[in-house]
Amino acid sequence: MQKERTRRILALALPIMGGMLSQSLLNLVDAALVGSLGETVLAGVGVGGYAIFMLTALIMGLSSGVQAQVARRHGAREYSVRALPLNAAILLALLVTLPLTLIGWLEAGWIVAWINQTPEVQAVASDYFQWRVLALLPVALTLCFRGYWHGIHESGIYLRIILFTHGLNILLSIWLIHGGLGVPPLGAVGAALGTSLSVTAGALVWGWLTWQRACPSGFLFKVPTFNLLWRTLRLAIPNSVQQFLFAVSYAILFWFLGQISTSSVAVGHVLVHLSLLLILPGVGLGMAAMTLVGHSLGEEQKEEAHRWGWEVMRLASLLLAVLGLPMLLFPEAILGIFLHDTHLIELGRIPLMLTGIMITLDAAAIVFNQALQGAGAQRLVMQLSLSMQWLFFLPMAWLAGIHLGYGLLGIWCAQLAYRVINSGLFIWIWQQRRWQRLQV
């Protein structure tokens, strides 16, 4: 029985994990490619990337909003109407992303200047950000489609499409960054343009595939009611606000690093992407927990939903511990892939080792965050996550890194403490079981 449950978790999670890992690996490939152009370009791409992450975060809630509703309808066997939340989310995506794209293009310089004060870094970041923001609508549509397919237990489609998208992205980025076939070397702009083109192609594939298979479930043929639009928005807003303020907190983190040195910004860019890469298997398992919890609650099996959360968390803890071990044992070798100066590698050595520890301790927060959203507790998740980020982590990072003068290492020690406490609070909330009474 236990083996069967583990197989069910992995059947949902592995395709999600594969797709997410490919996406984060792509960011690291871009970092490695532009890293050869110098620390200023690497820092600029890092700042521009976090600026686009802030805008993207405003629409991240669409995915969980769709997935939570679709999983409930799928569990209740309401197959003919399970795509209606997807229709509502697509309409919301159009209304939100079009003005955001215009604002991002026109105000790129002001946005990146808020994160970093070095003129040379700002110039690179602004150009990178402008070309990335053009793909904001395709990103939003991809999130909507992803939520639908995860909700009906068809996560394998996500892996296939994301591999296509990022395979295309790698080819385009290599070509456009370094030039060739009549195109001059575009540097950071080439990396941004390659990403935008590939994401747009991926969104078109998502739309075509969903059209082929989801029309019997109401895709595009049934107009969402106002109540459904409001319900989808109500579920999406807490997660979007959480993700946006999480992104802003990292922008502030990069502002802290900019107060220390450009070298700290460049190293911090690599460290953050490495940590995001390694926690993605946990996030993939958490998204599987979201579907399993929502499906069980749709079947009125509350104890089963509680058990799924714990089983996924134990599996995530084991996997993240294995992935974090190389960061403890071989920090210089890992950093050497992305950084080409000895002093940068030495600067990041101990913070990378701390990252290997913190991703393991973060497993409970990662999984129960997603599982609670599957139960409809988006607002509670938002309140806890934002309180920890803004009332604990950022003040501690400023105190340790800037006020006390411990720099990059001090900030990473504060981050380790934050993740430990955050996981403990998520475990406590899961055990309270108040989420079992929520309606979606």
# chains A, B, ... in the order shown; residues from 1 in each chain; ligands from 1
call {"tool": "select_by_dssp", "arguments": {"residues": "range 91-309 of chain A", "states": "alpha helix (DSSP H)", "output": "ChimeraX atom specification"}}
result
/A:91-106,108-115,119-133,136-151,156-178,188-214,226-260,262-298,302-309
call {"tool": "closest_atom_pairs", "arguments": {"of": "range 224-309 of chain A", "to": "range 66-86 of chain A", "cutoff": "6 Å", "atoms": "only C-alpha atoms", "output": "JSON lines"}}
result
{"residue": "A:Thr291", "atom": "CA", "partner": "A:Ala71", "partner_atom": "CA", "distance": 5.8}
{"residue": "A:Gly294", "atom": "CA", "partner": "A:Arg72", "partner_atom": "CA", "distance": 5.4}
{"residue": "A:His295", "atom": "CA", "partner": "A:Gly75", "partner_atom": "CA", "distance": 4.6}
{"residue": "A:Gly298", "atom": "CA", "partner": "A:Arg72", "partner_atom": "CA", "distance": 4.7}
{"residue": "A:Glu299", "atom": "CA", "partner": "A:Gly75", "partner_atom": "CA", "distance": 5.8}
call {"tool": "write_last_selection", "arguments": {"atoms": "N, CA and C atoms", "output": "short mmCIF file (atom, residue, chain, number, x, y, z; two decimals), in the first residue's frame"}}
result
data_model
loop_
_atom_site.label_atom_id
_atom_site.label_comp_id
_atom_site.auth_asym_id
_atom_site.auth_seq_id
_atom_site.Cartn_x
_atom_site.Cartn_y
_atom_site.Cartn_z
N THR A 291 -2.61 18.73 -5.75
CA THR A 291 -3.60 17.97 -6.50
C THR A 291 -4.19 16.84 -5.65
N GLY A 294 -6.47 18.32 -2.88
CA GLY A 294 -7.71 18.82 -3.46
C GLY A 294 -8.62 17.69 -3.94
N HIS A 295 -8.04 16.67 -4.55
CA HIS A 295 -8.81 15.53 -5.03
C HIS A 295 -9.45 14.78 -3.86
N GLY A 298 -12.27 16.74 -2.46
CA GLY A 298 -13.42 16.65 -3.36
C GLY A 298 -14.20 15.37 -3.17
N GLU A 299 -13.51 14.31 -2.73
CA GLU A 299 -14.15 13.03 -2.44
C GLU A 299 -14.60 12.92 -0.98
#
call {"tool": "residues_around", "arguments": {"residues": "Gly374 in chain A", "least_positions_apart": "6", "cutoff": "12 Å", "atoms": "only C-alpha atoms", "output": "count of residues only"}}
result
41
call {"tool": "residues_around", "arguments": {"residues": "range 2-8 of chain A", "least_positions_apart": "2", "cutoff": "10 Å", "atoms": "only C-alpha atoms", "output": "list in words"}}
result
Leu10, Ala11, Leu12, Ala13, Ala288, Leu292, Trp308, Glu311, Val312 and Leu315 of chain A
call {"tool": "residues_around", "arguments": {"residues": "Ala414 in chain A", "least_positions_apart": "6", "cutoff": "12 Å", "atoms": "only C-alpha atoms", "output": "count of residues only"}}
result
23
call {"tool": "closest_residue", "arguments": {"among": "A:Met60, A:Ile111, A:Val267, A:Ile252", "to": "His340 in chain A", "atoms": "only C-alpha atoms"}}
result
A:Val267
call {"tool": "residues_around", "arguments": {"residues": "Ala108 in chain A", "least_positions_apart": "6", "cutoff": "7 Å", "atoms": "only C-alpha atoms", "output": "PyMOL selection string"}}
result
chain A and resi 126+129-130
call {"tool": "residues_around", "arguments": {"residues": "Leu193 in chain A", "least_positions_apart": "4", "cutoff": "12 Å", "atoms": "only C-alpha atoms", "output": "ChimeraX atom specification"}}
result
/A:30,127-135,168-177,186-189,197-200
call {"tool": "write_last_selection", "arguments": {"atoms": "C-alpha atoms", "output": "PDB file, in the first residue's frame"}}
result
ATOM      1  CA  ASP A  30      22.061  31.767 -19.392  1.00  0.00           C
ATOM      2  CA  ASP A 127      17.688  46.267 -21.824  1.00  0.00           C
ATOM      3  CA  TYR A 128      17.315  42.686 -20.578  1.00  0.00           C
ATOM      4  CA  PHE A 129      14.086  43.500 -18.721  1.00  0.00           C
ATOM      5  CA  GLN A 130      12.424  45.269 -21.670  1.00  0.00           C
ATOM      6  CA  TRP A 131      12.744  42.272 -23.977  1.00  0.00           C
ATOM      7  CA  ARG A 132      11.668  39.817 -21.302  1.00  0.00           C
ATOM      8  CA  VAL A 133       8.506  41.759 -20.404  1.00  0.00           C
ATOM      9  CA  LEU A 134       7.134  41.301 -23.931  1.00  0.00           C
ATOM     10  CA  ALA A 135       6.441  37.638 -23.085  1.00  0.00           C
ATOM     11  CA  LEU A 168      14.380  26.011 -28.075  1.00  0.00           C
ATOM     12  CA  ASN A 169      15.403  28.659 -25.554  1.00  0.00           C
ATOM     13  CA  ILE A 170      18.900  27.233 -25.146  1.00  0.00           C
ATOM     14  CA  LEU A 171      19.470  27.171 -28.908  1.00  0.00           C
ATOM     15  CA  LEU A 172      18.135  30.693 -29.413  1.00  0.00           C
ATOM     16  CA  SER A 173      20.058  32.093 -26.442  1.00  0.00           C
ATOM     17  CA  ILE A 174      23.389  30.653 -27.552  1.00  0.00           C
ATOM     18  CA  TRP A 175      22.825  32.013 -31.055  1.00  0.00           C
ATOM     19  CA  LEU A 176      21.604  35.484 -30.055  1.00  0.00           C
ATOM     20  CA  ILE A 177      24.037  36.060 -27.183  1.00  0.00           C
ATOM     21  CA  LEU A 186      23.500  40.750 -28.668  1.00  0.00           C
ATOM     22  CA  GLY A 187      24.814  39.790 -25.223  1.00  0.00           C
ATOM     23  CA  ALA A 188      22.242  40.139 -22.449  1.00  0.00           C
ATOM     24  CA  VAL A 189      19.577  41.320 -24.928  1.00  0.00           C
ATOM     25  CA  LEU A 197      10.498  33.881 -28.255  1.00  0.00           C
ATOM     26  CA  SER A 198      10.669  30.376 -26.801  1.00  0.00           C
ATOM     27  CA  VAL A 199       8.068  31.087 -24.087  1.00  0.00           C
ATOM     28  CA  THR A 200       5.696  32.429 -26.730  1.00  0.00           C
TER      29      THR A 200
END
